[in-house]
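> File name model.txt; file contents compact mmCIF, C-alpha atoms; full text below.
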# COMPACT_ATOMS: atom_id res chain seq x y z
CA MET A 1 119.27 103.53 117.81
CA ASN A 2 119.10 106.78 119.69
CA ASN A 3 121.64 106.54 122.51
CA ASN A 4 120.03 109.45 124.37
CA ASN A 5 117.01 107.24 125.00
CA PHE A 6 119.20 105.07 127.17
CA GLU A 7 121.18 107.81 128.92
CA ASN A 8 118.94 108.17 131.98
CA ILE A 9 118.76 104.42 132.56
CA ARG A 10 122.40 104.24 133.61
CA ASN A 11 121.96 106.06 136.91
CA GLN A 12 118.94 104.11 138.21
CA PRO A 13 118.95 101.12 140.61
CA PHE A 14 119.55 97.86 138.73
CA ASP A 15 115.94 96.53 138.72
CA ASP A 16 114.50 99.88 137.63
CA LYS A 17 117.28 100.12 135.10
CA LEU A 18 116.35 96.75 133.66
CA ASN A 19 112.64 97.59 133.49
CA SER A 20 113.39 100.89 131.76
CA LEU A 21 115.70 99.09 129.37
CA ILE A 22 113.03 96.54 128.49
CA GLY A 23 110.64 99.40 127.84
CA LYS A 24 113.16 101.01 125.48
CA LEU A 25 113.82 97.69 123.77
CA LYS A 26 110.11 97.23 123.14
CA GLU A 27 109.96 100.74 121.68
CA LEU A 28 112.90 99.79 119.48
CA ASP A 29 111.02 96.67 118.31
CA VAL A 30 108.04 98.82 117.30
CA LYS A 31 110.35 101.30 115.56
CA ASN A 32 112.10 98.51 113.63
CA LEU A 33 108.75 97.02 112.62
CA LYS A 34 107.59 100.43 111.36
CA GLU A 35 110.83 100.87 109.42
CA MET A 36 110.41 97.45 107.83
CA ARG A 37 106.82 98.27 106.84
CA ARG A 38 107.99 101.60 105.36
CA TRP A 39 110.61 99.77 103.34
CA GLN A 40 108.04 97.24 102.15
CA VAL A 41 105.80 100.12 100.97
CA ILE A 42 108.75 101.71 99.08
CA VAL A 43 109.55 98.37 97.41
CA GLY A 44 105.86 97.89 96.55
CA ILE A 45 105.46 101.35 95.01
CA THR A 46 108.69 101.06 93.00
CA THR A 47 107.67 97.62 91.73
CA LEU A 48 104.26 98.97 90.76
CA LEU A 49 105.80 101.92 88.90
CA LEU A 50 108.13 99.62 86.98
CA ILE A 51 105.20 97.31 86.08
CA ILE A 52 103.17 100.32 84.88
CA LEU A 53 106.14 101.41 82.74
CA ILE A 54 106.28 97.95 81.20
CA ILE A 55 102.51 97.92 80.53
CA ILE A 56 102.15 101.42 79.02
CA ASN A 57 105.19 100.73 76.85
CA PRO A 58 106.40 104.28 76.09
CA MET A 59 109.61 103.20 74.33
CA PRO A 60 111.12 99.74 73.66
CA ILE A 61 114.30 100.66 75.55
CA ILE A 62 112.30 101.48 78.66
CA ILE A 63 110.46 98.14 78.59
CA ILE A 64 113.74 96.21 78.54
CA ASP A 65 115.44 98.37 81.14
CA ALA A 66 112.39 98.48 83.41
CA SER A 67 111.86 94.73 83.36
CA VAL A 68 115.53 93.99 84.10
CA LEU A 69 115.60 96.68 86.79
CA LEU A 70 112.42 95.32 88.31
CA PHE A 71 113.82 91.81 88.50
CA PHE A 72 117.10 92.86 90.09
CA PHE A 73 115.50 95.39 92.38
CA VAL A 74 113.39 92.60 93.88
CA VAL A 75 116.35 90.15 94.05
CA TYR A 76 118.64 92.75 95.69
CA THR A 77 115.97 93.76 98.17
CA LEU A 78 115.39 90.15 99.23
CA TYR A 79 119.13 89.44 99.40
CA TYR A 80 119.99 92.45 101.55
CA PHE A 81 116.93 91.96 103.71
CA LYS A 82 118.18 88.44 104.43
CA LEU A 83 121.72 89.67 105.12
CA SER A 84 120.62 92.53 107.35
CA ARG A 85 119.11 90.05 109.81
CA LYS A 86 122.45 89.15 111.33
CA ASP A 87 122.53 86.34 113.88
CA TYR A 88 125.03 87.18 116.61
CA SER A 89 124.43 83.96 118.55
CA VAL A 90 126.45 81.76 116.18
CA PRO A 91 130.22 81.16 116.53
CA ILE A 92 132.51 84.11 115.77
CA LYS A 93 134.05 82.36 112.77
CA LYS A 94 130.64 81.84 111.17
CA VAL A 95 129.67 85.48 111.73
CA LEU A 96 132.95 86.60 110.16
CA GLN A 97 132.39 84.33 107.15
CA ASP A 98 128.86 85.70 106.70
CA THR A 99 130.11 89.27 107.03
CA ARG A 100 132.78 88.50 104.46
CA LYS A 101 130.10 87.28 102.07
CA THR A 102 128.06 90.43 102.64
CA TYR A 103 130.97 92.70 101.79
CA SER A 104 132.38 90.54 99.01
CA PHE A 105 132.63 92.25 95.61
CA LEU A 106 131.82 89.01 93.82
CA ASN A 107 128.69 88.14 95.78
CA PRO A 108 126.18 85.91 93.92
CA VAL A 109 123.69 88.69 93.25
CA PHE A 110 126.40 90.96 91.83
CA ILE A 111 127.60 88.22 89.47
CA LEU A 112 124.02 87.56 88.35
CA THR A 113 123.48 91.27 87.78
CA ALA A 114 126.81 91.67 85.97
CA VAL A 115 125.80 88.93 83.52
CA ALA A 116 122.20 90.05 83.05
CA ILE A 117 123.19 93.67 82.49
CA ILE A 118 124.90 92.72 79.20
CA PRO A 119 121.69 92.17 77.14
CA MET A 120 120.18 95.26 78.79
CA LEU A 121 123.16 97.38 77.69
CA TYR A 122 123.16 95.85 74.22
CA ALA A 123 119.45 96.57 73.82
CA SER A 124 119.95 100.15 74.99
CA VAL A 125 122.90 100.68 72.61
CA HIS A 126 120.88 99.13 69.76
CA VAL A 127 117.94 101.49 70.31
CA MET A 128 120.22 104.51 70.76
CA LEU A 129 122.20 103.80 67.61
CA THR A 130 119.38 102.78 65.28
CA ARG A 131 116.49 104.90 66.48
CA TYR A 132 117.83 108.10 67.95
CA THR A 133 121.10 108.66 66.09
CA GLN A 134 122.26 108.01 62.59
CA LEU A 135 125.87 107.35 63.60
CA GLU A 136 127.99 105.66 60.96
CA ILE A 137 131.73 105.07 61.11
CA PRO A 138 133.41 104.08 57.85
CA GLY A 139 134.98 100.63 57.93
CA ILE A 140 133.02 99.51 61.00
CA SER A 141 129.74 97.65 60.61
CA MET A 142 126.73 98.53 62.74
CA THR A 143 126.98 95.19 64.63
CA GLU A 144 130.64 95.80 65.45
CA LEU A 145 129.81 99.30 66.60
CA LYS A 146 127.02 98.03 68.86
CA ILE A 147 129.24 95.34 70.37
CA GLY A 148 132.07 97.84 70.88
CA ALA A 149 129.82 100.41 72.51
CA THR A 150 128.23 97.75 74.72
CA PHE A 151 131.64 96.47 75.80
CA LEU A 152 132.87 100.00 76.55
CA LEU A 153 129.79 100.83 78.63
CA TYR A 154 130.05 97.50 80.43
CA ALA A 155 133.73 98.08 81.25
CA ILE A 156 132.94 101.56 82.59
CA ILE A 157 130.10 100.26 84.78
CA ILE A 158 132.14 97.35 86.22
CA THR A 159 135.15 99.62 86.85
CA LEU A 160 132.98 102.19 88.62
CA ALA A 161 131.35 99.44 90.69
CA TYR A 162 134.76 98.05 91.66
CA VAL A 163 136.25 101.45 92.55
CA THR A 164 133.20 102.29 94.68
CA TRP A 165 133.30 98.90 96.41
CA HIS A 166 137.06 99.13 96.99
CA ALA A 167 136.85 102.58 98.53
CA ARG A 168 133.99 101.60 100.78
CA PHE A 169 134.62 97.99 101.72
CA GLY A 170 138.13 97.04 100.59
CA LYS A 171 139.76 97.72 103.96
CA ILE A 172 137.04 95.91 105.91
CA VAL A 173 137.32 92.85 103.66
CA ARG A 174 141.12 92.76 104.07
CA LYS A 175 140.75 92.89 107.87
CA ILE A 176 138.14 90.13 107.87
CA ASP A 177 140.30 88.00 105.58
CA GLN A 178 143.22 88.47 107.94
CA THR A 179 141.12 87.45 110.95
CA LEU A 180 139.68 84.45 109.12
CA SER A 181 143.11 83.26 108.04
CA GLU A 182 144.14 83.51 111.70
CA LEU A 183 141.27 81.18 112.49
CA GLY A 184 142.46 78.75 109.85
CA ASP A 185 139.93 79.54 107.15
CA ASN A 186 141.60 78.77 103.85
CA ASN A 187 138.49 79.06 101.70
CA LEU A 188 138.57 82.81 101.30
CA MET A 189 136.97 84.20 98.17
CA MET B 190 104.72 89.88 131.82
CA GLU B 191 105.77 88.30 128.52
CA ASP B 192 107.85 85.14 128.46
CA ARG B 193 110.55 86.96 126.49
CA GLU B 194 110.70 89.70 129.10
CA ILE B 195 111.03 87.21 131.97
CA LYS B 196 113.79 85.32 130.17
CA PHE B 197 115.61 88.55 129.36
CA LYS B 198 115.45 89.80 132.95
CA GLU B 199 116.69 86.49 134.31
CA LEU B 200 119.47 86.34 131.78
CA VAL B 201 120.67 89.91 132.37
CA ASN B 202 120.42 89.53 136.15
CA GLN B 203 122.64 86.47 136.02
CA ASN B 204 125.11 87.71 133.43
CA HIS B 205 125.35 91.49 133.54
CA GLU B 206 128.74 91.54 135.25
CA ARG B 207 130.12 88.98 132.83
CA ILE B 208 128.87 91.01 129.85
CA TYR B 209 130.22 94.21 131.33
CA ARG B 210 133.66 92.70 131.81
CA ILE B 211 133.70 91.62 128.14
CA CYS B 212 132.78 95.19 127.21
CA ALA B 213 135.66 96.49 129.31
CA TYR B 214 138.14 94.16 127.63
CA HIS B 215 137.12 95.36 124.19
CA THR B 216 136.69 99.10 124.61
CA SER B 217 138.91 102.01 125.49
CA GLY B 218 136.79 104.10 127.83
CA LEU B 219 133.74 104.16 130.03
CA ASP B 220 131.45 105.70 127.42
CA ASP B 221 132.44 103.15 124.78
CA CYS B 222 132.06 100.42 127.37
CA ASN B 223 128.52 101.53 128.19
CA ASP B 224 127.62 101.91 124.50
CA LEU B 225 128.88 98.42 123.76
CA TYR B 226 127.05 97.02 126.80
CA GLN B 227 123.85 98.59 125.55
CA GLN B 228 124.37 97.22 122.05
CA ILE B 229 124.98 93.72 123.42
CA LEU B 230 121.75 93.86 125.43
CA ILE B 231 119.86 94.96 122.32
CA ASN B 232 121.33 92.02 120.38
CA VAL B 233 120.55 89.63 123.24
CA TRP B 234 116.95 90.88 123.25
CA GLN B 235 116.65 90.44 119.49
CA ALA B 236 118.27 86.98 119.50
CA LEU B 237 116.37 85.67 122.50
CA HIS B 238 113.89 83.72 120.36
CA SER B 239 116.79 81.84 118.72
CA PHE B 240 118.10 80.33 121.97
CA ARG B 241 117.03 76.73 121.93
CA GLY B 242 119.43 75.37 124.52
CA ASP B 243 121.70 73.63 121.97
CA SER B 244 124.68 75.28 123.60
CA LYS B 245 125.32 76.44 127.15
CA LEU B 246 123.68 79.74 128.04
CA SER B 247 127.07 81.24 128.89
CA THR B 248 128.42 80.19 125.44
CA TRP B 249 125.42 81.81 123.80
CA ILE B 250 125.95 85.03 125.78
CA TYR B 251 129.67 85.13 125.00
CA ARG B 252 129.00 84.62 121.32
CA ILE B 253 126.60 87.54 121.19
CA ALA B 254 128.83 89.74 123.34
CA LEU B 255 132.02 89.06 121.39
CA ASN B 256 130.41 89.19 117.94
CA THR B 257 128.89 92.53 118.91
CA ALA B 258 132.24 93.73 120.29
CA ILE B 259 134.04 92.81 117.05
CA ASP B 260 131.37 94.59 114.99
CA PHE B 261 131.42 97.57 117.35
CA ASN B 262 135.17 97.99 117.05
CA ARG B 263 135.11 97.50 113.30
CA ALA B 264 132.37 100.04 112.83
CA GLU B 265 133.88 102.68 115.05
CA THR B 266 137.54 101.76 114.39
CA ARG B 267 138.06 102.17 118.05
CA ARG B 268 141.35 101.17 119.58
CA MET B 269 141.83 100.27 123.19
CA ILE B 270 144.22 102.63 124.94
CA SER B 271 146.04 101.94 128.12
CA LYS B 272 144.58 104.52 130.48
CA SER B 273 140.86 103.97 130.53
CA LYS B 274 138.89 104.69 133.68
CA TYR B 275 137.90 101.06 133.91
CA GLN B 276 141.49 99.93 133.77
CA LEU B 277 142.43 102.26 136.62
CA ASP B 278 139.49 100.93 138.63
CA LEU B 279 140.72 97.44 137.95
CA GLY B 280 144.12 98.41 139.24
CA HIS B 281 142.69 99.76 142.50
CA SER B 282 140.31 96.91 143.14
CA GLY B 283 142.73 94.09 142.34
CA PRO B 284 144.20 91.79 145.01
CA TRP B 285 147.39 93.78 145.25
CA GLY B 286 149.55 94.64 148.24
CA GLU B 287 148.49 97.34 150.67
CA SER B 288 151.44 99.70 150.43
CA THR B 289 151.20 102.66 148.11
CA TRP B 290 154.41 101.69 146.42
CA GLU B 291 153.06 98.22 145.70
CA LYS B 292 149.79 99.67 144.40
CA ILE B 293 151.59 102.02 142.03
CA ARG B 294 153.86 99.24 140.89
CA MET B 295 150.95 96.90 140.23
CA GLU B 296 149.00 99.64 138.44
CA LYS B 297 151.96 100.15 136.16
CA LEU B 298 152.23 96.43 135.51
CA VAL B 299 148.50 96.06 134.86
CA ASP B 300 148.71 99.07 132.59
CA HIS B 301 151.58 97.45 130.74
CA LEU B 302 149.66 94.17 130.47
CA TRP B 303 146.70 96.00 128.98
CA GLN B 304 148.97 97.71 126.49
CA GLN B 305 150.30 94.33 125.45
CA ILE B 306 146.80 92.83 125.20
CA ASN B 307 145.80 95.78 123.03
CA GLN B 308 148.57 94.88 120.61
CA LEU B 309 147.06 91.44 120.03
CA SER B 310 144.96 90.62 117.00
CA VAL B 311 141.14 90.62 117.18
CA ILE B 312 140.91 86.86 117.70
CA ASP B 313 143.77 86.67 120.20
CA LYS B 314 142.11 89.45 122.18
CA VAL B 315 138.81 87.55 122.08
CA ILE B 316 140.53 84.37 123.31
CA ILE B 317 142.52 86.06 126.07
CA SER B 318 139.41 87.87 127.31
CA LEU B 319 137.69 84.48 127.65
CA VAL B 320 140.76 83.04 129.37
CA LEU B 321 140.64 85.92 131.85
CA GLU B 322 137.01 84.98 132.45
CA GLU B 323 138.25 81.49 133.36
CA ILE B 324 136.30 79.83 130.54
CA THR B 325 137.33 76.30 129.57
CA SER B 326 139.10 75.61 126.25
CA LYS B 327 136.09 73.62 125.09
CA GLU B 328 133.73 76.50 125.66
CA ILE B 329 136.13 78.97 124.03
CA ALA B 330 136.21 76.63 121.02
CA ASP B 331 132.37 76.70 120.92
CA VAL B 332 132.29 80.48 121.15
CA VAL B 333 134.93 81.11 118.47
CA GLY B 334 134.05 78.21 116.16
CA ILE B 335 137.43 76.47 116.02
CA SER B 336 138.73 73.20 117.47
CA GLU B 337 139.69 72.82 121.11
CA THR B 338 143.25 71.87 120.14
CA ASN B 339 143.52 75.03 118.08
CA VAL B 340 142.31 77.05 121.08
CA ARG B 341 144.92 75.46 123.36
CA VAL B 342 147.69 76.18 120.88
CA LYS B 343 146.51 79.77 120.54
CA ILE B 344 146.31 80.28 124.30
CA HIS B 345 149.83 78.93 124.69
CA ARG B 346 151.14 81.25 121.96
CA ILE B 347 149.35 84.29 123.38
CA LYS B 348 150.73 83.58 126.85
CA GLU B 349 154.22 83.17 125.43
CA THR B 350 153.90 86.45 123.54
CA LEU B 351 152.65 88.28 126.62
CA LYS B 352 155.31 86.69 128.79
CA LEU B 353 158.01 87.72 126.36
CA ASN B 354 156.74 91.29 126.04
CA ILE B 355 156.05 91.85 129.69
CA GLY B 356 159.22 90.22 130.86
CA GLY B 357 157.67 87.55 133.06
CA THR B 358 157.08 89.56 136.24
CA LEU B 359 153.37 90.25 135.94
CA TYR B 360 152.66 87.07 134.04
CA GLU B 361 153.97 84.97 136.90
Have the structure of the file written as structure tokens, please.

Amino acid sequence: MNNNNFENIRNQPFDDKLNSLIGKLKELDVKNLKEMRRWQVIVGITTLLLIILIIINPMPIIIIDASVLLFFFVVYTLYYFKLSRKDYSVPIKKVLQDTRKTYSFLNPVFILTAVAIIPMLYASVHVMLTRYTQLEIPGISMTELKIGATFLLYAIIITLAYVTWHARFGKIVRKIDQTLSELGDNNLM
Amino acid sequence: MEDREIKFKELVNQNHERIYRICAYHTSGLDDCNDLYQQILINVWQALHSFRGDSKLSTWIYRIALNTAIDFNRAETRRMISKSKYQLDLGHSGPWGESTWEKIRMEKLVDHLWQQINQLSVIDKVIISLVLEEITSKEIADVVGISETNVRVKIHRIKETLKLNIGGTLYE
């Protein structure tokens, strides 16, 4: 929202002020609608590109990665679109609980992604090790190597995700937890 | 004129002072107060279609206003400070004695009360702002989403805390 749009309204008589405000709110509605359309176009184009990648099949690794990415891109988009439409007219406790869910590290979509990313990583490691490198370590079988590399990559990704989340949302979540416990909510995640 | 527009005008006309007071309780200065007021009106406009009359209109308004205020303060990490313009206005326009000495004394006490209110937690501040608006415990319970008994207990505790910190003079 551009606050400057509302600056002049403050000094007008109340009725004029209200009419001007309604005008600005309608403009804001149009702007939000346009933004939503723009976002829908971006999602559409990205989905189309990923489908094309899957169809033209340039490399096996890309097919796997693109299909998994496509699936989660759509799920994440729908999830965050749903969350972004916050309802302020419900009780404060409910809004806090919903906000807590939004900022939670272990939200359902993250858990789903964290599980589904394992086969994607394994497939990527498999292709990298068998097709593009001839890496051999004495005493370690190829299967063990693939599992080890997958596990290492997975650990790095989850750690990075956690550190990023903690830096960005950790403090907010602690504050919300504190407020919710004050309200007698004992079902904190 | 659209139905939504008529409803919005009616609603703002009837409640603008109430909303503005809530903004004043939860912000530190006039600019923040106006920004929050604006944000609340935007949220009221956007939520207007969801009002089906299940709760009282005032409850609905308070929910939107206070949820927006909590979000606003979280986002901006704003803290209320004691000497905002609004608070000084409140001191001058209150039902205090006529003498200058009395005015200054009351301003100091009001200032002190605000400082103490600012020390309260988010929820306690929400509850005390509704108490100051003379809202019933039942309605506060509907706004916050907890039981009426819980609200009464909280109000009692907040009053005790304020009484203890202020020393009883202003509270009485």
> When the cut-off is 6 Å and we count only C-alpha atoms, which residues of chain A are near chain B, given as a PyMOL selection string?
chain A and resi 88-89+91-93
> May I have the residues within 12 Å of Ile306 of chain B as number ranges by chain, using all atoms listed in the file and disregarding those fewer than 4 positions away in the same chain?
B: 214-216, 268-271, 299-302, 310-318, 321, 347-348, 350-352, 354-355
> Given the choices A:Val68, A:Ile55, A:Val43, A:Ile176, which gets closest to Leu96 of chain A if the distance is worked out from all atoms listed in the file?
A:Ile176
> Calculate how many Å separate atom CA of Lys146 of chain A from atom CA of Ile158 of chain A, rounding to one decimal.
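Distance reported for this atom pair: 18.1 Å.
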> Considering all atoms listed in the file, can you say which of B:Leu219, B:Gln305, B:Arg193, B:Leu200 comes closest to Leu353 of chain B?
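Answer, going by the shortest atom-to-atom distance: B:Gln305.
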> Counting all atoms listed in the file, figure out which residue out of A:Leu50, A:Leu18, A:Arg100, A:Lys31 gets nearest to Gln178 of chain A.
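Once distances to Gln178 of chain A are computed over all atoms listed in the file, the minimum belongs to A:Arg100.
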> From the coordinates supplied, segment 302-317 of chain B should be written with N, CA, C and O atoms, as a compact mmCIF listing (two decimals), in the first residue's frame.

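The file below, out.txt, is the result:
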# COMPACT_ATOMS: atom_id res chain seq x y z
N LEU B 302 0.58 6.06 34.16
CA LEU B 302 -0.33 4.95 33.87
C LEU B 302 -0.04 4.37 32.50
O LEU B 302 0.05 3.15 32.33
N TRP B 303 0.18 5.26 31.51
CA TRP B 303 0.51 4.79 30.18
C TRP B 303 1.81 3.99 30.17
O TRP B 303 1.92 2.97 29.50
N GLN B 304 2.77 4.49 30.92
CA GLN B 304 4.05 3.77 31.00
C GLN B 304 3.83 2.36 31.52
O GLN B 304 4.39 1.40 31.01
N GLN B 305 2.98 2.27 32.55
CA GLN B 305 2.70 0.96 33.14
C GLN B 305 1.93 0.07 32.17
O GLN B 305 2.21 -1.12 32.06
N ILE B 306 0.97 0.66 31.44
CA ILE B 306 0.22 -0.12 30.45
C ILE B 306 1.15 -0.63 29.35
O ILE B 306 1.03 -1.75 28.88
N ASN B 307 2.13 0.22 29.00
CA ASN B 307 3.08 -0.18 27.96
C ASN B 307 3.94 -1.36 28.37
O ASN B 307 4.49 -2.07 27.53
N GLN B 308 4.08 -1.55 29.68
CA GLN B 308 4.90 -2.66 30.17
C GLN B 308 4.14 -3.99 30.09
O GLN B 308 4.73 -5.05 30.22
N LEU B 309 2.82 -3.91 29.90
CA LEU B 309 2.02 -5.14 29.88
C LEU B 309 2.30 -5.96 28.62
O LEU B 309 2.80 -5.44 27.63
N SER B 310 1.93 -7.23 28.70
CA SER B 310 2.11 -8.09 27.53
C SER B 310 1.06 -7.73 26.47
O SER B 310 0.11 -6.98 26.76
N VAL B 311 1.25 -8.28 25.26
CA VAL B 311 0.36 -7.95 24.13
C VAL B 311 -1.11 -8.20 24.52
O VAL B 311 -1.96 -7.31 24.32
N ILE B 312 -1.39 -9.36 25.06
CA ILE B 312 -2.77 -9.72 25.38
C ILE B 312 -3.32 -8.87 26.52
O ILE B 312 -4.47 -8.41 26.45
N ASP B 313 -2.51 -8.62 27.53
CA ASP B 313 -2.98 -7.79 28.65
C ASP B 313 -3.30 -6.37 28.14
O ASP B 313 -4.27 -5.75 28.59
N LYS B 314 -2.47 -5.89 27.23
CA LYS B 314 -2.70 -4.56 26.67
C LYS B 314 -4.01 -4.54 25.86
O LYS B 314 -4.80 -3.60 25.94
N VAL B 315 -4.23 -5.64 25.11
CA VAL B 315 -5.47 -5.76 24.34
C VAL B 315 -6.67 -5.73 25.30
O VAL B 315 -7.64 -4.98 25.10
N ILE B 316 -6.58 -6.51 26.38
CA ILE B 316 -7.70 -6.61 27.32
C ILE B 316 -7.94 -5.27 28.02
O ILE B 316 -9.08 -4.80 28.10
N ILE B 317 -6.87 -4.64 28.47
CA ILE B 317 -7.05 -3.38 29.20
C ILE B 317 -7.59 -2.28 28.28
O ILE B 317 -8.37 -1.43 28.69
